[in-house]
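**Student:** start.csv is the file, holding CSV, C-alpha atoms (C1' of nucleotides):
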```csv
chain,number,residue,atom,x,y,z
A,25,MET,CA,23.5,-30.2,-5.4
A,26,LYS,CA,24.0,-26.7,-6.5
A,27,SER,CA,23.0,-24.0,-4.0
A,28,THR,CA,20.4,-21.5,-5.0
A,29,ASP,CA,21.8,-19.1,-7.5
A,30,THR,CA,22.3,-15.4,-6.9
A,31,ARG,CA,19.6,-14.3,-9.3
A,32,THR,CA,17.0,-16.4,-7.4
A,33,GLU,CA,18.3,-15.2,-4.0
A,34,ILE,CA,17.9,-11.6,-5.2
A,35,LEU,CA,14.3,-12.3,-6.4
A,36,ASP,CA,13.4,-14.0,-3.2
A,37,THR,CA,14.7,-11.2,-1.1
A,38,ALA,CA,13.1,-8.5,-3.2
A,39,GLN,CA,9.8,-10.3,-3.1
A,40,GLU,CA,9.8,-10.6,0.7
A,41,LEU,CA,10.8,-7.0,1.1
A,42,ILE,CA,8.0,-5.8,-1.2
A,43,GLN,CA,5.4,-8.0,0.5
A,44,LYS,CA,6.5,-6.6,3.8
A,45,LEU,CA,7.2,-2.9,3.0
A,46,GLY,CA,6.0,-2.1,-0.5
A,47,VAL,CA,7.9,-1.4,-3.7
A,48,ASN,CA,8.6,2.2,-2.8
A,49,ALA,CA,10.1,1.4,0.5
A,50,MET,CA,12.2,-1.5,-0.9
A,51,SER,CA,15.7,-0.6,-2.0
A,52,TYR,CA,18.8,-2.1,-3.7
A,53,ALA,CA,20.6,-1.4,-0.4
A,54,ASP,CA,18.1,-3.6,1.5
A,55,ILE,CA,18.6,-6.5,-1.0
A,56,SER,CA,22.3,-6.0,-1.0
A,57,GLU,CA,22.5,-6.4,2.8
A,58,ALA,CA,20.2,-9.4,3.0
A,59,VAL,CA,21.8,-11.3,0.1
A,60,GLY,CA,25.4,-10.4,1.1
A,61,ILE,CA,26.3,-8.9,-2.2
A,62,ARG,CA,27.1,-5.3,-3.3
A,63,LYS,CA,24.5,-3.0,-4.8
A,64,ALA,CA,26.3,-2.9,-8.2
A,65,SER,CA,26.1,-6.7,-8.5
A,66,ILE,CA,22.4,-6.6,-8.4
A,67,HIS,CA,22.4,-4.4,-11.5
A,68,TYR,CA,24.3,-7.2,-13.3
A,69,HIS,CA,21.3,-9.4,-12.9
A,70,PHE,CA,18.5,-6.8,-13.2
A,71,SER,CA,19.7,-3.6,-14.8
A,72,THR,CA,16.9,-1.4,-13.4
A,73,LYS,CA,14.5,-1.7,-10.5
A,74,ASP,CA,11.6,-2.0,-12.9
A,75,ASP,CA,13.3,-4.9,-14.6
A,76,LEU,CA,13.6,-6.6,-11.2
A,77,VAL,CA,9.9,-6.1,-10.3
A,78,ALA,CA,8.8,-7.2,-13.7
A,79,ALA,CA,10.9,-10.4,-13.3
A,80,LEU,CA,9.3,-10.9,-9.9
A,81,LEU,CA,5.8,-10.6,-11.3
A,82,ASP,CA,6.6,-12.9,-14.2
A,83,ARG,CA,7.7,-15.5,-11.7
A,84,TYR,CA,5.1,-15.0,-9.0
A,85,ASN,CA,1.9,-14.7,-11.0
A,86,PRO,CA,2.2,-17.8,-13.1
A,87,ASP,CA,3.4,-19.8,-10.0
A,88,PHE,CA,0.3,-18.6,-8.1
A,89,LEU,CA,-2.1,-19.2,-10.9
A,90,ARG,CA,-0.6,-22.7,-11.5
A,91,LEU,CA,-1.5,-23.5,-7.9
A,92,VAL,CA,-5.0,-22.3,-8.4
A,93,ASP,CA,-5.4,-24.3,-11.5
A,94,ALA,CA,-4.3,-27.4,-9.8
A,95,ILE,CA,-7.0,-26.8,-7.2
A,96,ILE,CA,-9.6,-26.3,-9.8
A,97,ALA,CA,-8.6,-29.4,-11.7
A,98,SER,CA,-8.6,-31.6,-8.6
A,99,PRO,CA,-11.4,-34.0,-7.9
A,100,GLU,CA,-12.3,-32.2,-4.7
A,101,SER,CA,-15.7,-30.7,-3.9
A,102,PRO,CA,-16.3,-27.0,-4.7
A,103,GLU,CA,-16.3,-26.2,-1.0
A,104,THR,CA,-12.9,-27.9,-0.6
A,105,LYS,CA,-11.6,-26.1,-3.7
A,106,LEU,CA,-12.7,-22.7,-2.3
A,107,SER,CA,-11.2,-23.6,1.0
A,108,ARG,CA,-7.9,-24.5,-0.6
A,109,TYR,CA,-8.0,-21.3,-2.6
A,110,PHE,CA,-8.4,-19.3,0.7
A,111,ALA,CA,-5.5,-21.3,2.1
A,112,LEU,CA,-3.2,-20.0,-0.5
A,113,PHE,CA,-3.6,-16.5,1.0
A,114,GLU,CA,-3.3,-17.8,4.5
A,115,ALA,CA,0.0,-19.4,3.4
A,116,THR,CA,1.3,-16.2,2.0
A,117,LEU,CA,0.5,-14.3,5.2
A,118,SER,CA,2.1,-16.8,7.4
A,119,SER,CA,5.2,-17.7,5.4
A,120,GLY,CA,8.4,-16.3,6.7
A,121,GLU,CA,9.0,-14.6,10.0
A,122,GLN,CA,6.7,-11.6,9.5
A,123,ASP,CA,3.2,-11.0,8.1
A,124,LYS,CA,3.5,-10.8,4.3
A,125,ALA,CA,0.9,-9.5,2.0
A,126,CYS,CA,0.3,-10.9,-1.5
A,127,LEU,CA,2.8,-9.4,-3.9
A,128,CYS,CA,0.1,-8.1,-6.1
A,129,GLY,CA,-2.0,-6.9,-3.2
A,130,MET,CA,0.8,-4.7,-2.1
A,131,LEU,CA,1.5,-3.5,-5.6
A,132,GLY,CA,-2.2,-2.8,-6.0
A,133,ALA,CA,-2.1,-0.3,-3.2
A,134,GLU,CA,0.9,1.4,-4.8
A,135,LEU,CA,-0.5,0.9,-8.3
A,136,LYS,CA,-0.6,4.6,-9.3
A,137,THR,CA,3.2,4.8,-8.7
A,138,LEU,CA,3.9,2.0,-11.1
A,139,LYS,CA,4.9,2.4,-14.8
A,140,HIS,CA,2.5,0.8,-17.3
A,141,PRO,CA,4.1,-2.5,-18.0
A,142,LEU,CA,4.2,-3.2,-14.3
A,143,ALA,CA,0.7,-2.0,-13.5
A,144,GLU,CA,-0.7,-4.1,-16.3
A,145,ARG,CA,0.7,-7.3,-14.8
A,146,VAL,CA,-1.0,-6.5,-11.5
A,147,ILE,CA,-4.3,-5.8,-13.2
A,148,GLN,CA,-4.1,-9.0,-15.2
A,149,PHE,CA,-3.4,-11.0,-12.0
A,150,TYR,CA,-6.6,-9.7,-10.5
A,151,GLN,CA,-8.6,-10.5,-13.6
A,152,ASP,CA,-7.1,-14.0,-13.8
A,153,ASN,CA,-7.9,-14.7,-10.2
A,154,GLU,CA,-11.5,-13.4,-10.4
A,155,ALA,CA,-12.1,-15.6,-13.5
A,156,ARG,CA,-10.9,-18.6,-11.6
A,157,LEU,CA,-13.1,-17.8,-8.7
A,158,VAL,CA,-16.1,-17.5,-11.0
A,159,LYS,CA,-15.4,-21.1,-12.1
A,160,ILE,CA,-15.3,-22.4,-8.5
A,161,LEU,CA,-18.4,-20.5,-7.5
A,162,THR,CA,-20.3,-21.6,-10.6
A,163,GLU,CA,-19.5,-25.2,-9.9
A,164,GLY,CA,-20.5,-24.9,-6.3
A,165,ARG,CA,-23.8,-23.2,-7.1
A,166,GLU,CA,-24.7,-25.7,-9.7
A,167,ALA,CA,-23.9,-28.5,-7.2
A,168,GLY,CA,-26.2,-26.8,-4.7
A,169,VAL,CA,-23.5,-26.5,-2.0
A,170,PHE,CA,-23.0,-22.7,-2.4
A,171,SER,CA,-26.0,-20.5,-1.8
A,172,PHE,CA,-25.5,-16.7,-2.0
A,173,PRO,CA,-27.6,-14.0,-3.5
A,174,GLY,CA,-26.6,-11.9,-6.4
A,175,ASP,CA,-24.3,-12.1,-9.4
A,176,ILE,CA,-21.5,-14.7,-9.4
A,177,LYS,CA,-19.0,-12.3,-11.0
A,178,VAL,CA,-19.7,-9.7,-8.3
A,179,MET,CA,-19.3,-12.4,-5.6
A,180,ALA,CA,-16.0,-13.4,-7.1
A,181,THR,CA,-14.8,-9.7,-7.0
A,182,LEU,CA,-16.0,-9.5,-3.4
A,183,ILE,CA,-14.1,-12.6,-2.3
A,184,PHE,CA,-10.9,-11.6,-4.1
A,185,SER,CA,-11.1,-8.0,-2.7
A,186,LEU,CA,-11.6,-9.4,0.8
A,187,LEU,CA,-8.7,-11.8,0.5
A,188,GLU,CA,-6.2,-9.3,-1.1
A,189,GLY,CA,-7.4,-6.4,0.9
A,190,GLY,CA,-8.0,-8.2,4.1
A,191,ILE,CA,-4.5,-9.6,4.1
A,192,LEU,CA,-3.2,-6.0,4.1
A,193,ILE,CA,-5.6,-4.9,6.9
A,194,VAL,CA,-5.3,-7.7,9.4
A,195,ARG,CA,-1.5,-7.1,9.6
A,196,ALA,CA,-2.4,-4.1,11.7
A,197,ASN,CA,-4.1,-6.1,14.4
A,198,GLY,CA,-4.9,-9.8,14.6
A,199,GLY,CA,-2.7,-11.0,11.8
A,200,LEU,CA,-3.0,-14.6,10.7
A,201,TYR,CA,-5.4,-15.5,13.5
A,202,GLN,CA,-7.8,-12.7,12.5
A,203,PHE,CA,-7.4,-13.6,8.8
A,204,ARG,CA,-8.4,-17.2,9.5
A,205,ALA,CA,-11.5,-16.0,11.3
A,206,ILE,CA,-12.8,-13.8,8.5
A,207,VAL,CA,-12.0,-16.4,5.9
A,208,GLU,CA,-14.0,-19.0,7.8
A,209,GLN,CA,-16.8,-16.5,8.2
A,210,LEU,CA,-16.7,-15.8,4.4
A,211,MET,CA,-17.0,-19.5,3.7
A,212,GLN,CA,-20.2,-19.6,5.8
A,213,LEU,CA,-21.6,-16.7,3.8
A,214,VAL,CA,-20.8,-18.4,0.6
A,215,LYS,CA,-22.6,-21.6,1.7
A,216,GLY,CA,-25.6,-19.5,2.8
B,24,MET,CA,-14.4,35.7,4.3
B,25,LYS,CA,-10.9,34.5,4.8
B,26,SER,CA,-9.6,32.1,2.2
B,27,THR,CA,-8.4,28.6,3.4
B,28,ASP,CA,-5.2,29.1,5.2
B,29,THR,CA,-1.9,27.6,4.0
B,30,ARG,CA,-1.6,25.1,6.7
B,31,THR,CA,-5.0,23.6,5.7
B,32,GLU,CA,-4.1,23.7,2.0
B,33,ILE,CA,-0.9,21.7,2.8
B,34,LEU,CA,-2.9,19.2,4.8
B,35,ASP,CA,-5.5,18.8,2.1
B,36,THR,CA,-2.9,18.3,-0.6
B,37,ALA,CA,-0.8,15.9,1.4
B,38,GLN,CA,-3.9,13.8,2.3
B,39,GLU,CA,-4.9,13.6,-1.3
B,40,LEU,CA,-1.4,12.6,-2.4
B,41,ILE,CA,-1.2,9.9,0.2
B,42,GLN,CA,-4.6,8.5,-0.6
B,43,LYS,CA,-3.6,8.3,-4.3
B,44,LEU,CA,0.1,7.3,-4.1
B,45,GLY,CA,0.9,6.3,-0.5
B,46,VAL,CA,3.1,8.0,2.1
B,47,ASN,CA,6.4,6.7,0.7
B,48,ALA,CA,5.7,8.1,-2.8
B,49,MET,CA,4.4,11.4,-1.5
B,50,SER,CA,7.0,14.2,-1.2
B,51,TYR,CA,7.4,17.8,0.0
B,52,ALA,CA,8.1,18.7,-3.7
B,53,ASP,CA,4.7,17.3,-4.8
B,54,ILE,CA,3.0,19.4,-2.1
B,55,SER,CA,5.1,22.4,-2.9
B,56,GLU,CA,4.0,22.3,-6.6
B,57,ALA,CA,0.3,21.7,-5.9
B,58,VAL,CA,0.0,24.4,-3.2
B,59,GLY,CA,2.2,26.9,-5.0
B,60,ILE,CA,4.6,27.4,-2.1
B,61,ARG,CA,8.3,26.5,-1.7
B,62,LYS,CA,9.4,23.3,0.0
B,63,ALA,CA,11.1,25.2,2.8
B,64,SER,CA,7.8,26.9,3.7
B,65,ILE,CA,6.1,23.6,4.4
B,66,HIS,CA,8.7,23.0,7.1
B,67,TYR,CA,7.5,26.2,8.8
B,68,HIS,CA,4.1,24.6,9.3
B,69,PHE,CA,5.2,21.0,9.8
B,70,SER,CA,8.8,20.6,10.8
B,71,THR,CA,9.1,17.0,9.7
B,72,LYS,CA,7.2,14.7,7.4
B,73,ASP,CA,6.2,12.6,10.4
B,74,ASP,CA,4.7,15.7,12.0
B,75,LEU,CA,2.7,16.3,8.9
B,76,VAL,CA,1.3,12.8,8.7
B,77,ALA,CA,0.5,12.8,12.4
B,78,ALA,CA,-1.4,16.1,12.0
B,79,LEU,CA,-3.2,14.5,9.0
B,80,LEU,CA,-4.3,11.5,11.1
B,81,ASP,CA,-5.3,13.7,14.0
B,82,ARG,CA,-7.6,15.6,11.7
B,83,TYR,CA,-8.9,12.7,9.5
B,84,ASN,CA,-9.6,10.0,12.1
B,85,PRO,CA,-11.8,12.1,14.5
B,86,ASP,CA,-13.6,13.6,11.5
B,87,PHE,CA,-14.4,10.2,10.1
B,88,LEU,CA,-15.4,8.7,13.4
B,89,ARG,CA,-17.7,11.7,14.0
B,90,LEU,CA,-19.5,11.0,10.8
B,91,VAL,CA,-19.9,7.4,11.9
B,92,ASP,CA,-21.1,8.3,15.3
B,93,ALA,CA,-23.7,10.6,13.7
B,94,ILE,CA,-25.0,7.7,11.7
B,95,ILE,CA,-25.2,5.5,14.7
B,96,ALA,CA,-27.0,8.1,16.8
B,97,SER,CA,-29.5,8.8,14.0
B,98,PRO,CA,-33.1,7.4,14.2
B,99,GLU,CA,-32.6,5.3,11.0
B,100,SER,CA,-33.0,1.6,10.7
B,101,PRO,CA,-29.9,-0.6,11.2
B,102,GLU,CA,-29.9,-1.4,7.5
B,103,THR,CA,-29.9,2.3,6.6
B,104,LYS,CA,-27.1,2.9,9.1
B,105,LEU,CA,-25.0,0.2,7.6
B,106,SER,CA,-25.7,1.5,4.2
B,107,ARG,CA,-24.7,5.0,5.2
B,108,TYR,CA,-21.6,3.6,6.7
B,109,PHE,CA,-20.7,1.9,3.4
B,110,ALA,CA,-21.4,5.2,1.7
B,111,LEU,CA,-18.7,6.9,3.6
B,112,PHE,CA,-16.2,4.7,1.8
B,113,GLU,CA,-17.8,5.2,-1.5
B,114,ALA,CA,-17.6,8.9,-1.0
B,115,THR,CA,-13.9,8.6,-0.2
B,116,LEU,CA,-13.3,6.6,-3.3
B,117,SER,CA,-15.2,9.0,-5.6
B,118,SER,CA,-14.1,12.3,-4.1
B,119,GLY,CA,-11.8,14.3,-6.2
B,120,GLU,CA,-10.7,13.6,-9.8
B,121,GLN,CA,-9.0,10.2,-9.2
B,122,ASP,CA,-9.8,7.2,-7.1
B,123,LYS,CA,-8.7,7.8,-3.6
B,124,ALA,CA,-8.3,5.1,-0.9
B,125,CYS,CA,-9.1,5.7,2.7
B,126,LEU,CA,-6.1,7.5,4.3
B,127,CYS,CA,-5.7,4.7,6.9
B,128,GLY,CA,-6.3,2.0,4.4
B,129,MET,CA,-3.3,3.2,2.4
B,130,LEU,CA,-1.2,3.7,5.5
B,131,GLY,CA,-2.2,0.2,6.6
B,132,ALA,CA,-0.6,-1.3,3.5
B,133,GLU,CA,2.6,0.7,4.3
B,134,LEU,CA,2.2,0.1,8.1
B,135,LYS,CA,5.6,-1.5,8.6
B,136,THR,CA,7.4,1.5,7.2
B,137,LEU,CA,5.8,3.9,9.7
B,138,LYS,CA,7.3,4.9,13.0
B,139,HIS,CA,5.4,3.9,16.1
B,140,PRO,CA,3.4,7.0,17.0
B,141,LEU,CA,2.0,7.0,13.4
B,142,ALA,CA,1.3,3.2,13.2
B,143,GLU,CA,-0.6,3.4,16.5
B,144,ARG,CA,-3.0,6.0,15.1
B,145,VAL,CA,-3.7,3.7,12.2
B,146,ILE,CA,-4.3,0.7,14.4
B,147,GLN,CA,-6.5,2.6,16.7
B,148,PHE,CA,-8.6,3.8,13.7
B,149,TYR,CA,-9.2,0.2,12.7
B,150,GLN,CA,-10.3,-0.7,16.2
B,151,ASP,CA,-12.6,2.3,16.5
B,152,ASN,CA,-14.3,1.4,13.3
B,153,GLU,CA,-14.7,-2.2,14.1
B,154,ALA,CA,-16.2,-1.3,17.5
B,155,ARG,CA,-18.8,0.9,15.8
B,156,LEU,CA,-19.6,-1.8,13.3
B,157,VAL,CA,-20.2,-4.2,16.1
B,158,LYS,CA,-22.8,-1.7,17.5
B,159,ILE,CA,-24.6,-1.5,14.1
B,160,LEU,CA,-24.5,-5.2,13.6
B,161,THR,CA,-25.8,-6.0,17.1
B,162,GLU,CA,-28.6,-3.6,16.7
B,163,GLY,CA,-29.6,-5.1,13.3
B,164,ARG,CA,-29.4,-8.6,14.5
B,165,GLU,CA,-31.5,-7.9,17.6
B,166,ALA,CA,-34.1,-6.2,15.4
B,167,GLY,CA,-34.1,-9.3,13.2
B,168,VAL,CA,-33.2,-7.4,10.0
B,169,PHE,CA,-29.6,-8.8,9.8
B,170,SER,CA,-29.1,-12.5,9.6
B,171,PHE,CA,-25.6,-13.9,9.2
B,172,PRO,CA,-23.9,-16.8,10.7
B,173,GLY,CA,-21.0,-16.6,13.2
B,174,ASP,CA,-19.6,-14.1,15.6
B,175,ILE,CA,-20.5,-10.4,15.3
B,176,LYS,CA,-17.0,-9.3,16.0
B,177,VAL,CA,-15.6,-11.4,13.2
B,178,MET,CA,-18.3,-10.1,10.9
B,179,ALA,CA,-17.3,-6.6,11.8
B,180,THR,CA,-13.7,-7.3,11.0
B,181,LEU,CA,-14.8,-8.9,7.7
B,182,ILE,CA,-16.8,-5.9,6.7
B,183,PHE,CA,-14.2,-3.4,7.6
B,184,SER,CA,-11.4,-5.4,5.9
B,185,LEU,CA,-13.5,-5.6,2.8
B,186,LEU,CA,-14.3,-1.9,2.8
B,187,GLU,CA,-10.7,-0.8,3.5
B,188,GLY,CA,-9.0,-3.5,1.4
B,189,GLY,CA,-11.6,-3.5,-1.4
B,190,ILE,CA,-11.2,0.2,-1.9
B,191,LEU,CA,-7.5,-0.4,-2.6
B,192,ILE,CA,-8.1,-3.3,-4.9
B,193,VAL,CA,-11.0,-2.0,-7.1
B,194,ARG,CA,-8.8,0.9,-8.2
B,195,ALA,CA,-7.0,-1.6,-10.4
B,196,ASN,CA,-10.1,-2.4,-12.4
B,197,GLY,CA,-13.7,-1.3,-12.0
B,198,GLY,CA,-13.2,1.5,-9.5
B,199,LEU,CA,-16.3,3.1,-8.0
B,200,TYR,CA,-18.7,1.1,-10.1
B,201,GLN,CA,-17.1,-2.2,-9.0
B,202,PHE,CA,-17.0,-1.0,-5.4
B,203,ARG,CA,-20.7,-0.2,-5.3
B,204,ALA,CA,-21.4,-3.7,-6.7
B,205,ILE,CA,-19.5,-5.5,-4.0
B,206,VAL,CA,-20.9,-3.3,-1.3
B,207,GLU,CA,-24.4,-4.0,-2.4
B,208,GLN,CA,-23.6,-7.7,-2.5
B,209,LEU,CA,-22.2,-7.4,1.0
B,210,MET,CA,-25.4,-5.9,2.3
B,211,GLN,CA,-27.3,-8.8,0.9
B,212,LEU,CA,-25.0,-11.2,2.7
B,213,VAL,CA,-25.5,-9.3,6.0
B,214,LYS,CA,-29.3,-9.4,5.6
B,215,GLY,CA,-29.1,-13.2,4.9
C,13,DG,C1',5.3,33.4,6.9
C,14,DT,C1',7.7,32.9,2.7
C,15,DC,C1',11.8,33.1,0.4
C,16,DT,C1',16.8,31.6,-1.5
C,17,DA,C1',20.4,28.6,-0.8
C,18,DT,C1',22.4,24.7,0.6
C,19,DA,C1',23.6,20.8,3.5
C,20,DG,C1',23.5,15.8,4.0
C,21,DC,C1',21.9,11.6,2.8
C,22,DG,C1',20.0,7.6,0.3
C,23,DC,C1',18.6,6.3,-3.9
C,24,DG,C1',19.1,4.0,-8.7
C,25,DA,C1',22.5,3.5,-12.0
C,26,DT,C1',27.2,3.4,-14.5
C,27,DA,C1',32.4,2.7,-15.4
C,28,DG,C1',36.0,-0.1,-15.2
C,29,DA,C1',39.3,-3.2,-12.6
C,30,DC,C1',39.6,-8.0,-11.3
D,15,DG,C1',30.0,-12.3,-11.9
D,16,DT,C1',31.4,-9.4,-8.3
D,17,DC,C1',34.0,-5.8,-6.8
D,18,DT,C1',35.3,-0.4,-5.8
D,19,DA,C1',34.4,4.0,-6.8
D,20,DT,C1',31.6,7.5,-8.2
D,21,DC,C1',28.0,10.1,-10.6
D,22,DG,C1',23.6,12.7,-10.5
D,23,DC,C1',19.3,13.1,-8.7
D,24,DG,C1',15.5,13.7,-5.4
D,25,DC,C1',14.6,13.6,-0.9
D,26,DT,C1',14.0,15.7,4.1
D,27,DA,C1',15.7,19.2,6.6
D,28,DT,C1',18.2,23.6,8.1
D,29,DA,C1',20.1,28.6,8.0
D,30,DG,C1',19.3,33.0,7.4
D,31,DA,C1',17.6,37.1,4.5
D,32,DC,C1',13.4,39.6,3.8
```
What would you get if you wrote out this structure as C-alpha cells?
**Tutor:**
Amino acid sequence: MKSTDTRTEILDTAQELIQKLGVNAMSYADISEAVGIRKASIHYHFSTKDDLVAALLDRYNPDFLRLVDAIIASPESPETKLSRYFALFEATLSSGEQDKACLCGMLGAELKTLKHPLAERVIQFYQDNEARLVKILTEGREAGVFSFPGDIKVMATLIFSLLEGGILIVRANGGLYQFRAIVEQLMQLVKG
Amino acid sequence: MKSTDTRTEILDTAQELIQKLGVNAMSYADISEAVGIRKASIHYHFSTKDDLVAALLDRYNPDFLRLVDAIIASPESPETKLSRYFALFEATLSSGEQDKACLCGMLGAELKTLKHPLAERVIQFYQDNEARLVKILTEGREAGVFSFPGDIKVMATLIFSLLEGGILIVRANGGLYQFRAIVEQLMQLVKG
DNA sequence: GTCTATAGCGCGATAGAC
DNA sequence: GTCTATCGCGCTATAGAC
C-alpha cells in the first residue's frame, strides 16, 4: 500500500484551510507547516496559488456532484433524497476537527477577489447544484410529498442559499447542532 | 455646512471594501486611494487595522439594530414588519454600485481569522438579530398571520441564516433580483 | 492632521544544488 | 521531488518634518 502522495496531501491541507479561513487567509506557509514540506516544494506541484485553487475546485466540484447524482439516481423517496442532500452539507460542516464551510460557499463570499477562471468554477457549481435541486423538488411535488408555494426554481435557490450560507453563519454560534435544527425545519417547510 | 470629515470617509470606504471583498482582501492602500489620503494618515485616525474594524462594527451594528427596533416598535402588522426587516438586507445588497453583503455576514465567513474582540461583536450581532426576529415571529404567530411548523427560535435562525448567507451566495448569480425572489418565497413559507 | 520616508514582515514565486 | 537561498512586492505600522 502506497501512502497518500504529496500532491494529494497538499490539496487536502489547502482545502481544509480554505474551508476554515478562506482563500485570502490561506498561505503556502500554512500548507508547508501542516504537510511537513518546504514552501518551494509546493510550487513544484502547483506553480501558482491560482493553479492550486483551480486544481482544488476541479477535484471538489465533480466529487460533490457525483455524490448528489448518486442520491438522485437512487430508488429512495424524494423526501429521503432531499434529506440525504442536506446531509452532504452536514457532513462537510462536521468533518475534521473544526467547523468547515463548503469550499464553494467560502469562495463565494470571497468571489470578487477571485480571477475569472476561478470565479467561473464557483458560479458553475452553484448552477449545477440548483439544477439538481430542481430535479428533486419536481419529483417530490409530482409525487405529492412536497407542498410549498411558488416557483420550483426559486425554491431551489432558496434551499441552496440557506445550505451554503447557513453553513457559514452557524459557525459563529451553534455550529453543527444549530445547522441540523434549521435543516430539519427547512424539510418541514418543503413538505408543507 | 461642514463636509463629511476624514474619519467618516475612511470608515465609509473601509466598510464598502469589506462588504465587497472581505476584511482580509481590504487594505490601507485601497482606502488610501479611494479617500485621496496617504496610508500613514489613516493610522492617525485608526492606529491599527483591528481598531478600524472595531470602530466600523461599533457604528454599523447599533445603526442596523436601531432600524430593526424602529420596525418592531412601529404600528404595522407583523407581516409588514417582517417584510421591512427583509428590506433592510435588500437595501444593503443594492446600495452602491456593486453588490454588497452585510458587514457582519462577510465577517462571519472570515470569522476564524478575526481576533477575539472583533469576533465577539459579530457573534453578538447575530444573536441580537435573531432575538428580534423571535419577537416579530411570535407576534405574527399569535396574531394568526404566520403559520409555520416547529420552534420559533429555530425559525428565526433559519431566516437570519438565509438572509445573511443568501446575500453572499446570490452575488455569484442573480444578485438583487434573485435575492428578492427568495425573500418573497420565504415570506410565503412563513405565512404557511 | 497630513505628509515623506522607511522599517519589518509575510507573502507568492524563482534559481539552482542535491 | 525536495531542498536552501533569495528576490521583489504589498502589507501594517512607525518616525519625524511640516
**Student:** For chain B, report every residue with an atom at most 9 Å from chain C (counting only C-alpha atoms (C1' of nucleotides)), formatted as number ranges by chain.
**Tutor:** B: 60-61, 63-64, 67
**Student:** Counting only C-alpha atoms (C1' of nucleotides), find residues at most 10 Å from (-1.9, -5.1, 6.0) (file frame) and give them as number ranges by chain.
**Tutor:** A: 43-45, 117, 123-126, 129-130, 188-197, 199; B: 128-135, 184, 188
**Student:** Let me make sure I understand: among B:Glu207, B:Asp86, B:Glu99, B:Asp28, which one has the smallest atom-to-atom distance to chain A if we use all atoms listed in the file?
**Tutor:** B:Glu207
**Student:** Give me the residues within 10 Å of B:Leu40 as a list in words, counting only C-alpha atoms (C1' of nucleotides) and dropping any in the same chain fewer than 2 places off.
**Tutor:** Leu34, Asp35, Thr36, Ala37, Gln38, Gln42, Lys43, Leu44, Gly45, Val46, Ala48, Met49, Ser50, Asp53, Ile54, Ala57, Lys123 and Leu126 of chain B
**Student:** Which polymer residues have any atom within 6 Å of an atom of stretch 164-175 of chain A, counting all atoms listed in the file, with same-chain residues fewer than 5 positions away left out, as a list of chain:residue names?
**Tutor:**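 Neighbouring residues, sequence-local ones excluded: A:Pro102, A:Val214, A:Lys215, A:Gly216.
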**Student:** Tell me, in Å to one decimal, how far atom CA of B:Gln211 is from atom CA of B:Leu156.
**Tutor:**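 It comes out at 16.2 Å.
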**Student:** Near chain D, which residues of chain B fall within 9 Å when you count only C-alpha atoms (C1' of nucleotides), and what do they look like as a ChimeraX atom specification?
**Tutor:** /B:50-52,63,66,70-72
